[in-house]
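File shown here: query-v5.pdb, holding PDB, C-alpha atoms, pLDDT in the B column.
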```pdb
ATOM      1  CA  MET A  22       2.846  24.608   2.137  1.00 50.00           C
ATOM      2  CA  CYS A  23       6.592  25.107   1.977  1.00 61.00           C
ATOM      3  CA  THR A  24       7.075  24.425   5.659  1.00 73.00           C
ATOM      4  CA  LYS A  25      10.271  23.049   7.099  1.00 80.00           C
ATOM      5  CA  GLU A  26       8.432  19.791   7.857  1.00 80.00           C
ATOM      6  CA  TYR A  27       7.165  19.412   4.291  1.00 81.00           C
ATOM      7  CA  CYS A  28      10.651  20.095   2.907  1.00 86.00           C
ATOM      8  CA  SER A  29      11.989  17.341   5.160  1.00 90.00           C
ATOM      9  CA  PHE A  30       9.155  15.058   4.011  1.00 93.00           C
ATOM     10  CA  GLU A  31      10.078  15.815   0.378  1.00 93.00           C
ATOM     11  CA  ARG A  32      13.701  14.852   1.057  1.00 94.00           C
ATOM     12  CA  GLN A  33      12.569  11.488   2.451  1.00 95.00           C
ATOM     13  CA  LEU A  34      10.298  11.016  -0.552  1.00 96.00           C
ATOM     14  CA  ALA A  35      13.114  11.821  -2.976  1.00 96.00           C
ATOM     15  CA  PHE A  36      15.593   9.531  -1.258  1.00 97.00           C
ATOM     16  CA  HIS A  37      13.304   6.513  -0.995  1.00 97.00           C
ATOM     17  CA  THR A  38      11.143   6.803  -4.114  1.00 97.00           C
ATOM     18  CA  ALA A  39      13.102   8.768  -6.747  1.00 97.00           C
ATOM     19  CA  PRO A  40      12.891   6.120  -9.518  1.00 98.00           C
ATOM     20  CA  SER A  41       9.095   6.078  -9.240  1.00 97.00           C
ATOM     21  CA  LEU A  42       8.814   9.842  -8.989  1.00 97.00           C
ATOM     22  CA  LEU A  43      10.961  10.191 -12.115  1.00 96.00           C
ATOM     23  CA  GLY A  44       8.953   7.608 -14.053  1.00 95.00           C
ATOM     24  CA  ILE A  45      11.349   4.691 -14.524  1.00 96.00           C
ATOM     25  CA  LYS A  46       9.692   2.493 -11.866  1.00 97.00           C
ATOM     26  CA  CYS A  47       5.939   2.068 -11.381  1.00 97.00           C
ATOM     27  CA  ALA A  48       5.979   2.071  -7.555  1.00 98.00           C
ATOM     28  CA  SER A  49       8.176   2.357  -4.465  1.00 98.00           C
ATOM     29  CA  LEU A  50       7.755   1.836  -0.749  1.00 97.00           C
ATOM     30  CA  MET A  51       8.717   4.249   1.995  1.00 96.00           C
ATOM     31  CA  SER A  52       8.565   3.612   5.740  1.00 95.00           C
ATOM     32  CA  LEU A  53       8.424   6.571   8.126  1.00 94.00           C
ATOM     33  CA  TYR A  54       8.171   7.051  11.872  1.00 92.00           C
ATOM     34  CA  LYS A  55       4.721   8.359  12.762  1.00 89.00           C
ATOM     35  CA  GLY A  56       6.018  11.144  14.986  1.00 86.00           C
ATOM     36  CA  GLU A  57       8.457  12.440  12.386  1.00 87.00           C
ATOM     37  CA  PHE A  58       5.805  14.057  10.176  1.00 86.00           C
ATOM     38  CA  ASP A  59       2.109  14.741   9.926  1.00 91.00           C
ATOM     39  CA  ILE A  60       1.990  11.989   7.346  1.00 92.00           C
ATOM     40  CA  ASP A  61      -1.674  12.374   6.410  1.00 92.00           C
ATOM     41  CA  ALA A  62      -1.370  16.129   5.802  1.00 93.00           C
ATOM     42  CA  ASN A  63       1.883  15.801   3.857  1.00 92.00           C
ATOM     43  CA  ALA A  64       0.509  12.937   1.767  1.00 93.00           C
ATOM     44  CA  GLU A  65      -2.649  14.893   0.996  1.00 94.00           C
ATOM     45  CA  TYR A  66      -0.626  17.936  -0.041  1.00 92.00           C
ATOM     46  CA  PHE A  67       1.722  15.840  -2.201  1.00 93.00           C
ATOM     47  CA  ASN A  68      -1.236  14.048  -3.838  1.00 95.00           C
ATOM     48  CA  SER A  69      -2.981  17.341  -4.613  1.00 94.00           C
ATOM     49  CA  ARG A  70       0.056  18.511  -6.548  1.00 92.00           C
ATOM     50  CA  ALA A  71       1.439  15.272  -7.990  1.00 93.00           C
ATOM     51  CA  CYS A  72      -1.844  14.030  -9.454  1.00 90.00           C
ATOM     52  CA  ALA A  73      -1.063  16.226 -12.484  1.00 88.00           C
ATOM     53  CA  LYS A  74       1.757  13.796 -13.271  1.00 91.00           C
ATOM     54  CA  GLY A  75      -0.271  10.674 -12.407  1.00 94.00           C
ATOM     55  CA  LEU A  76       1.589  10.136  -9.138  1.00 96.00           C
ATOM     56  CA  LYS A  77      -0.077   9.074  -5.938  1.00 97.00           C
ATOM     57  CA  LEU A  78       1.016   8.382  -2.387  1.00 97.00           C
ATOM     58  CA  LYS A  79      -1.065   5.928  -0.368  1.00 96.00           C
ATOM     59  CA  LYS A  80      -0.777   4.571   3.157  1.00 95.00           C
ATOM     60  CA  LEU A  81      -0.554   0.771   3.030  1.00 95.00           C
ATOM     61  CA  CYS A  82      -0.388   0.083   6.740  1.00 92.00           C
ATOM     62  CA  GLU A  83       0.733   1.381  10.072  1.00 90.00           C
ATOM     63  CA  CYS A  84       1.888  -0.232  13.241  1.00 85.00           C
ATOM     64  CA  GLY A  85       2.660   1.249  16.619  1.00 83.00           C
ATOM     65  CA  ARG A  86       5.509   3.478  15.475  1.00 90.00           C
ATOM     66  CA  ARG A  87       5.763   3.331  11.678  1.00 93.00           C
ATOM     67  CA  VAL A  88       3.714   3.962   8.561  1.00 95.00           C
ATOM     68  CA  LEU A  89       4.339   2.185   5.246  1.00 95.00           C
ATOM     69  CA  LEU A  90       3.594   4.303   2.180  1.00 97.00           C
ATOM     70  CA  LEU A  91       3.321   3.324  -1.472  1.00 98.00           C
ATOM     71  CA  VAL A  92       4.267   5.937  -4.056  1.00 98.00           C
ATOM     72  CA  TYR A  93       3.139   4.993  -7.527  1.00 98.00           C
ATOM     73  CA  ASN A  94       2.305   6.125 -11.015  1.00 97.00           C
ATOM     74  CA  GLU A  95      -1.326   5.089 -11.493  1.00 96.00           C
ATOM     75  CA  GLN A  96      -1.054   4.392 -15.222  1.00 97.00           C
ATOM     76  CA  LYS A  97       2.249   2.512 -15.039  1.00 97.00           C
ATOM     77  CA  LEU A  98       1.116   0.407 -12.087  1.00 98.00           C
ATOM     78  CA  ALA A  99      -2.172  -0.453 -13.800  1.00 97.00           C
ATOM     79  CA  ALA A 100      -0.272  -1.560 -16.922  1.00 97.00           C
ATOM     80  CA  ARG A 101       2.129  -3.631 -14.814  1.00 98.00           C
ATOM     81  CA  LEU A 102      -0.638  -5.339 -12.852  1.00 97.00           C
ATOM     82  CA  SER A 103      -2.562  -6.203 -16.022  1.00 96.00           C
ATOM     83  CA  ARG A 104       0.341  -8.152 -17.542  1.00 97.00           C
ATOM     84  CA  GLU A 105      -0.409 -11.861 -17.676  1.00 97.00           C
ATOM     85  CA  ASP A 106       2.871 -12.923 -16.071  1.00 97.00           C
ATOM     86  CA  CYS A 107       2.181 -10.561 -13.153  1.00 98.00           C
ATOM     87  CA  ARG A 108      -1.466 -11.649 -12.877  1.00 97.00           C
ATOM     88  CA  GLU A 109      -0.338 -15.266 -12.684  1.00 97.00           C
ATOM     89  CA  VAL A 110       1.772 -14.542  -9.596  1.00 97.00           C
ATOM     90  CA  LEU A 111      -0.982 -12.421  -8.062  1.00 97.00           C
ATOM     91  CA  ARG A 112      -3.612 -15.149  -8.631  1.00 97.00           C
ATOM     92  CA  GLU A 113      -1.526 -17.525  -6.539  1.00 94.00           C
ATOM     93  CA  CYS A 114      -1.736 -14.965  -3.707  1.00 92.00           C
ATOM     94  CA  GLY A 115      -5.519 -14.575  -3.799  1.00 93.00           C
ATOM     95  CA  TYR A 116      -5.907 -11.685  -6.241  1.00 97.00           C
ATOM     96  CA  THR A 117      -8.589 -12.088  -8.898  1.00 96.00           C
ATOM     97  CA  ASP A 118      -8.511 -11.061 -12.551  1.00 95.00           C
ATOM     98  CA  ASP A 119     -11.408  -8.631 -12.118  1.00 96.00           C
ATOM     99  CA  MET A 120      -9.507  -6.542  -9.530  1.00 96.00           C
ATOM    100  CA  SER A 121      -8.543  -3.027 -10.560  1.00 96.00           C
ATOM    101  CA  SER A 122      -5.115  -1.716  -9.604  1.00 96.00           C
ATOM    102  CA  GLU A 123      -6.735   0.111  -6.648  1.00 96.00           C
ATOM    103  CA  ASP A 124      -8.389  -3.170  -5.587  1.00 97.00           C
ATOM    104  CA  CYS A 125      -4.998  -4.897  -5.843  1.00 98.00           C
ATOM    105  CA  ILE A 126      -3.394  -2.218  -3.677  1.00 97.00           C
ATOM    106  CA  GLY A 127      -6.190  -2.743  -1.152  1.00 96.00           C
ATOM    107  CA  ARG A 128      -5.571  -6.498  -1.180  1.00 96.00           C
ATOM    108  CA  LEU A 129      -1.818  -5.950  -0.742  1.00 96.00           C
ATOM    109  CA  SER A 130      -2.498  -3.638   2.185  1.00 95.00           C
ATOM    110  CA  GLN A 131      -4.777  -6.250   3.746  1.00 94.00           C
ATOM    111  CA  ARG A 132      -2.166  -8.980   3.289  1.00 93.00           C
ATOM    112  CA  ILE A 133       0.555  -6.819   4.846  1.00 92.00           C
ATOM    113  CA  LYS A 134      -1.638  -6.310   7.906  1.00 89.00           C
ATOM    114  CA  GLU A 135      -2.647  -9.978   8.183  1.00 87.00           C
ATOM    115  CA  GLU A 136       0.500 -11.893   7.238  1.00 73.00           C
ATOM    116  CA  SER A 137       3.082 -12.880   9.824  1.00 71.00           C
ATOM    117  CA  GLY A 138       5.770 -12.170   7.203  1.00 76.00           C
ATOM    118  CA  PHE A 139       5.787  -9.653   4.387  1.00 86.00           C
ATOM    119  CA  PRO A 140       3.768 -10.773   1.318  1.00 93.00           C
ATOM    120  CA  HIS A 141       6.322 -11.507  -1.386  1.00 92.00           C
ATOM    121  CA  GLU A 142       4.074 -10.489  -4.258  1.00 96.00           C
ATOM    122  CA  VAL A 143       4.936  -6.919  -3.294  1.00 96.00           C
ATOM    123  CA  GLY A 144       7.773  -7.287  -5.829  1.00 97.00           C
ATOM    124  CA  ILE A 145       5.172  -7.334  -8.607  1.00 98.00           C
ATOM    125  CA  PHE A 146       3.926  -3.924  -7.444  1.00 98.00           C
ATOM    126  CA  LEU A 147       7.485  -2.595  -7.111  1.00 98.00           C
ATOM    127  CA  ASP A 148       8.402  -3.429 -10.719  1.00 97.00           C
ATOM    128  CA  TYR A 149      10.847  -6.217  -9.877  1.00 98.00           C
ATOM    129  CA  PRO A 150      11.318  -8.717 -12.703  1.00 98.00           C
ATOM    130  CA  VAL A 151       8.727 -11.476 -12.402  1.00 98.00           C
ATOM    131  CA  GLU A 152      11.435 -14.158 -12.569  1.00 98.00           C
ATOM    132  CA  ASP A 153      13.064 -12.572  -9.519  1.00 98.00           C
ATOM    133  CA  VAL A 154       9.796 -12.413  -7.563  1.00 97.00           C
ATOM    134  CA  VAL A 155       9.118 -16.079  -8.373  1.00 97.00           C
ATOM    135  CA  GLY A 156      12.754 -16.980  -7.627  1.00 97.00           C
ATOM    136  CA  PHE A 157      12.562 -15.302  -4.236  1.00 97.00           C
ATOM    137  CA  ILE A 158       9.363 -17.174  -3.371  1.00 94.00           C
ATOM    138  CA  GLU A 159      10.660 -20.543  -4.589  1.00 95.00           C
ATOM    139  CA  ASN A 160      14.057 -20.143  -2.868  1.00 96.00           C
ATOM    140  CA  ASN A 161      12.772 -18.563   0.354  1.00 94.00           C
ATOM    141  CA  GLY A 162      15.114 -15.639  -0.231  1.00 94.00           C
ATOM    142  CA  SER A 163      18.239 -17.824  -0.605  1.00 96.00           C
ATOM    143  CA  ASN A 164      20.413 -18.784  -3.588  1.00 97.00           C
ATOM    144  CA  PHE A 165      20.242 -15.374  -5.308  1.00 97.00           C
ATOM    145  CA  LYS A 166      22.804 -14.164  -7.855  1.00 98.00           C
ATOM    146  CA  LEU A 167      22.880 -10.526  -6.752  1.00 97.00           C
ATOM    147  CA  CYS A 168      21.351  -8.442  -3.996  1.00 97.00           C
ATOM    148  CA  GLY A 169      20.625  -4.744  -4.461  1.00 97.00           C
ATOM    149  CA  TYR A 170      17.216  -3.108  -4.481  1.00 97.00           C
ATOM    150  CA  TRP A 171      15.874  -6.671  -4.590  1.00 97.00           C
ATOM    151  CA  LYS A 172      17.321 -10.192  -4.697  1.00 98.00           C
ATOM    152  CA  VAL A 173      18.101 -11.212  -8.262  1.00 98.00           C
ATOM    153  CA  TYR A 174      17.531 -14.748  -9.536  1.00 98.00           C
ATOM    154  CA  GLY A 175      17.444 -13.984 -13.262  1.00 97.00           C
ATOM    155  CA  ASN A 176      19.540 -11.567 -15.285  1.00 98.00           C
ATOM    156  CA  ALA A 177      22.115 -10.114 -12.869  1.00 98.00           C
ATOM    157  CA  GLU A 178      23.738  -7.803 -15.430  1.00 98.00           C
ATOM    158  CA  LYS A 179      20.431  -6.208 -16.386  1.00 98.00           C
ATOM    159  CA  ALA A 180      19.478  -5.877 -12.703  1.00 98.00           C
ATOM    160  CA  GLN A 181      22.792  -4.159 -11.924  1.00 98.00           C
ATOM    161  CA  ARG A 182      22.143  -1.623 -14.700  1.00 98.00           C
ATOM    162  CA  THR A 183      18.690  -1.016 -13.195  1.00 98.00           C
ATOM    163  CA  PHE A 184      20.206  -0.563  -9.707  1.00 98.00           C
ATOM    164  CA  ASP A 185      22.676   1.953 -11.172  1.00 98.00           C
ATOM    165  CA  ASN A 186      19.820   3.861 -12.842  1.00 98.00           C
ATOM    166  CA  TYR A 187      17.867   3.925  -9.570  1.00 98.00           C
ATOM    167  CA  ASN A 188      20.922   5.363  -7.821  1.00 98.00           C
ATOM    168  CA  LYS A 189      21.248   8.033 -10.523  1.00 98.00           C
ATOM    169  CA  CYS A 190      17.591   8.980 -10.009  1.00 97.00           C
ATOM    170  CA  ARG A 191      18.146   9.286  -6.271  1.00 97.00           C
ATOM    171  CA  ARG A 192      21.256  11.467  -6.714  1.00 97.00           C
ATOM    172  CA  TYR A 193      19.547  13.688  -9.294  1.00 97.00           C
ATOM    173  CA  LEU A 194      16.406  14.306  -7.256  1.00 96.00           C
ATOM    174  CA  CYS A 195      18.182  14.699  -3.920  1.00 96.00           C
ATOM    175  CA  ASN A 196      20.618  17.165  -5.540  1.00 96.00           C
ATOM    176  CA  LYS A 197      17.724  19.207  -6.958  1.00 95.00           C
ATOM    177  CA  LEU A 198      16.183  19.478  -3.491  1.00 94.00           C
ATOM    178  CA  SER A 199      19.569  20.360  -1.976  1.00 93.00           C
ATOM    179  CA  GLU A 200      19.809  23.197  -4.510  1.00 94.00           C
ATOM    180  CA  GLY A 201      16.562  24.617  -3.136  1.00 91.00           C
ATOM    181  CA  GLU A 202      14.009  23.308  -5.608  1.00 91.00           C
ATOM    182  CA  ASP A 203      10.828  21.793  -4.264  1.00 90.00           C
ATOM    183  CA  ILE A 204       9.893  18.324  -5.416  1.00 92.00           C
ATOM    184  CA  CYS A 205       7.196  19.464  -7.849  1.00 88.00           C
ATOM    185  CA  ARG A 206       9.540  21.870  -9.625  1.00 90.00           C
ATOM    186  CA  ALA A 207      12.199  19.133  -9.774  1.00 92.00           C
ATOM    187  CA  LEU A 208       9.619  16.777 -11.292  1.00 91.00           C
ATOM    188  CA  LYS A 209       8.361  19.496 -13.656  1.00 88.00           C
ATOM    189  CA  ILE A 210       4.876  19.465 -12.178  1.00 83.00           C
ATOM    190  CA  SER A 211       3.216  22.845 -12.616  1.00 61.00           C
TER     191      SER A 211
END
```

Could I get this file's structure written as structure tokens?
Amino acid sequence: MCTKEYCSFERQLAFHTAPSLLGIKCASLMSLYKGEFDIDANAEYFNSRACAKGLKLKKLCECGRRVLLLVYNEQKLAARLSREDCREVLRECGYTDDMSSEDCIGRLSQRIKEESGFPHEVGIFLDYPVEDVVGFIENNGSNFKLCGYWKVYGNAEKAQRTFDNYNKCRRYLCNKLSEGEDICRALKIS
């Protein structure tokens, strides 16, 4: 399925989710206009190929014009969501300890659809430091030390190194696609 549309979809995927695709982040979000792609077909095709590397793309929600997608590594996300410090934050948002990672994704999706604002526990799913997720909630998004891929309330130096690594992932993967590789070859998925 190396259509022009799928190649364009891959470029969006690489740009928005490279750290997760390359394995240094458990999950990333990507928002797309509905009319830009056949999102369901492209997601299905990506999932059929990327499952070999434990990657999955799932639709979290859609509104009139946009679709919000979660790209994640199933094993890494499950490990992240089972950590006690993460579970503690999730419990406060109505998640229960017996929920699997897929159940948690379902709950997150439900909360995105129902909340008037965006549910802040999304940072747990996106591999943000727990202290930064809690800091954001407690400070209502104010009083942060650094703002990059997320608002930092804890270790700003460590966060900046992470931001730099995320940027390197984006450059690497986008360059590979610009050189003519498809995303699976760039990710070494057979």

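The nearest approach to Asp153 (chain A) among the residues A:Arg87, A:Cys107, A:Arg182, A:Asp118, with all atoms listed in the file taken into account, belongs to A:Cys107.
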
Near region 34-48 of chain A, counting all atoms listed in the file, which residues have an atom at most 7 Å away, once you skip same-chain residues fewer than 2 positions from it, shown as a ChimeraX atom specification? /A:30-32,50-51,91-94,97-98,146-148,187,190-191,194-195,208

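Counting from CA of Pro150 (chain A), the distance to CA of Glu83 (chain A) is 27.1 Å.
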
Can you tell me which residues surround Ile133 (chain A) at a distance of at most 12 Å, considering all atoms listed in the file, apart from same-chain residues fewer than 2 positions away, and format the answer as number ranges by chain? A: 80-84, 88-90, 126-131, 135-143

What does the structure give for the distance between CA of Met120 (chain A) and CA of Arg104 (chain A), in Å to one decimal? 12.8 Å

Expanded to explicit residues, what is the PyMOL selection byres ((chain A and resi 151) around 10) for this file, as a list in words?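 Applying the expression gives Asp106, Cys107, Glu109, Val110, Glu142, Gly144, Ile145, Asp148, Tyr149, Pro150, Glu152, Asp153, Val154, Val155, Gly156, Phe157, Tyr174 and Gly175 of chain A.
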
When the PyMOL selection byres ((chain A and resi 209) around 12) is applied to the file above, which residues end up in the set, as a PyMOL selection string? chain A and resi 42-44+70-71+73-74+194+197+202-208+210-211

Atomic separation - CA of Arg192 (chain A) relative to CA of Lys172 (chain A), Å: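 For CA of Lys172 (chain A) relative to CA of Arg192 (chain A), the distance reads 22.1 Å.
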
Selection result of the PyMOL selection byres ((chain A and resi 24) around 12) on this file, as a list in words: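 When the PyMOL selection byres ((chain A and resi 24) around 12) is applied to the shown file, the picked residues are Met22, Cys23, Lys25, Glu26, Tyr27, Cys28, Ser29, Phe30, Glu31, Phe58, Asp59, Ala62, Asn63, Tyr66 and Asp203 of chain A.
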
When distances are computed from only C-alpha atoms, which of A:Gln33, A:Thr183, A:Ser122, A:Ser103 shows the smallest separation from Trp171 (chain A)?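 When distances to Trp171 (chain A) are compared using only C-alpha atoms, the smallest one comes from A:Thr183.
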
So which one's closest to Gln96 (chain A), A:Cys114, A:Arg108, A:Asn196, A:Gly75? Using all atoms listed in the file, please.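 Using all atoms listed in the file, the shortest distance to Gln96 (chain A) belongs to A:Gly75.
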
Can we get region 65-79 of chain A of that structure written down with N, CA, C and O atoms, as a PDB file, in the first residue's frame?
```pdb
ATOM      1  N   GLU A  65      -5.215   0.864   9.991  1.00  0.00           N
ATOM      2  CA  GLU A  65      -5.275  -0.597   9.883  1.00  0.00           C
ATOM      3  C   GLU A  65      -4.027  -1.142   9.182  1.00  0.00           C
ATOM      4  O   GLU A  65      -3.434  -2.129   9.631  1.00  0.00           O
ATOM      5  N   TYR A  66      -3.622  -0.477   8.108  1.00  0.00           N
ATOM      6  CA  TYR A  66      -2.432  -0.920   7.385  1.00  0.00           C
ATOM      7  C   TYR A  66      -1.183  -0.778   8.265  1.00  0.00           C
ATOM      8  O   TYR A  66      -0.362  -1.707   8.354  1.00  0.00           O
ATOM      9  N   PHE A  67      -1.038   0.367   8.935  1.00  0.00           N
ATOM     10  CA  PHE A  67       0.098   0.562   9.830  1.00  0.00           C
ATOM     11  C   PHE A  67       0.106  -0.512  10.911  1.00  0.00           C
ATOM     12  O   PHE A  67       1.136  -1.133  11.178  1.00  0.00           O
ATOM     13  N   ASN A  68      -1.045  -0.747  11.557  1.00  0.00           N
ATOM     14  CA  ASN A  68      -1.126  -1.738  12.632  1.00  0.00           C
ATOM     15  C   ASN A  68      -0.764  -3.135  12.148  1.00  0.00           C
ATOM     16  O   ASN A  68      -0.114  -3.895  12.868  1.00  0.00           O
ATOM     17  N   SER A  69      -1.164  -3.478  10.932  1.00  0.00           N
ATOM     18  CA  SER A  69      -0.862  -4.817  10.410  1.00  0.00           C
ATOM     19  C   SER A  69       0.636  -5.031  10.244  1.00  0.00           C
ATOM     20  O   SER A  69       1.127  -6.142  10.369  1.00  0.00           O
ATOM     21  N   ARG A  70       1.358  -3.966   9.985  1.00  0.00           N
ATOM     22  CA  ARG A  70       2.800  -4.076   9.794  1.00  0.00           C
ATOM     23  C   ARG A  70       3.575  -3.841  11.090  1.00  0.00           C
ATOM     24  O   ARG A  70       4.559  -4.512  11.364  1.00  0.00           O
ATOM     25  N   ALA A  71       3.133  -2.876  11.875  1.00  0.00           N
ATOM     26  CA  ALA A  71       3.894  -2.453  13.058  1.00  0.00           C
ATOM     27  C   ALA A  71       3.706  -3.370  14.259  1.00  0.00           C
ATOM     28  O   ALA A  71       4.479  -3.283  15.217  1.00  0.00           O
ATOM     29  N   CYS A  72       2.707  -4.235  14.211  1.00  0.00           N
ATOM     30  CA  CYS A  72       2.476  -5.132  15.354  1.00  0.00           C
ATOM     31  C   CYS A  72       3.701  -6.012  15.598  1.00  0.00           C
ATOM     32  O   CYS A  72       3.944  -6.431  16.733  1.00  0.00           O
ATOM     33  N   ALA A  73       4.497  -6.266  14.569  1.00  0.00           N
ATOM     34  CA  ALA A  73       5.713  -7.066  14.722  1.00  0.00           C
ATOM     35  C   ALA A  73       6.700  -6.405  15.691  1.00  0.00           C
ATOM     36  O   ALA A  73       7.531  -7.077  16.289  1.00  0.00           O
ATOM     37  N   LYS A  74       6.595  -5.109  15.835  1.00  0.00           N
ATOM     38  CA  LYS A  74       7.486  -4.374  16.743  1.00  0.00           C
ATOM     39  C   LYS A  74       6.753  -3.960  18.022  1.00  0.00           C
ATOM     40  O   LYS A  74       7.285  -3.229  18.838  1.00  0.00           O
ATOM     41  N   GLY A  75       5.516  -4.432  18.194  1.00  0.00           N
ATOM     42  CA  GLY A  75       4.742  -4.113  19.390  1.00  0.00           C
ATOM     43  C   GLY A  75       4.095  -2.743  19.352  1.00  0.00           C
ATOM     44  O   GLY A  75       3.620  -2.251  20.369  1.00  0.00           O
ATOM     45  N   LEU A  76       4.070  -2.122  18.177  1.00  0.00           N
ATOM     46  CA  LEU A  76       3.485  -0.793  18.038  1.00  0.00           C
ATOM     47  C   LEU A  76       2.029  -0.891  17.621  1.00  0.00           C
ATOM     48  O   LEU A  76       1.644  -1.796  16.888  1.00  0.00           O
ATOM     49  N   LYS A  77       1.261   0.081  18.077  1.00  0.00           N
ATOM     50  CA  LYS A  77      -0.156   0.101  17.749  1.00  0.00           C
ATOM     51  C   LYS A  77      -0.620   1.545  17.614  1.00  0.00           C
ATOM     52  O   LYS A  77      -0.152   2.425  18.344  1.00  0.00           O
ATOM     53  N   LEU A  78      -1.537   1.762  16.716  1.00  0.00           N
ATOM     54  CA  LEU A  78      -2.154   3.067  16.524  1.00  0.00           C
ATOM     55  C   LEU A  78      -3.636   2.907  16.794  1.00  0.00           C
ATOM     56  O   LEU A  78      -4.266   2.004  16.243  1.00  0.00           O
ATOM     57  N   LYS A  79      -4.183   3.749  17.672  1.00  0.00           N
ATOM     58  CA  LYS A  79      -5.583   3.615  18.063  1.00  0.00           C
ATOM     59  C   LYS A  79      -6.255   4.977  18.057  1.00  0.00           C
ATOM     60  O   LYS A  79      -5.690   5.955  18.544  1.00  0.00           O
TER      61      LYS A  79
END
```
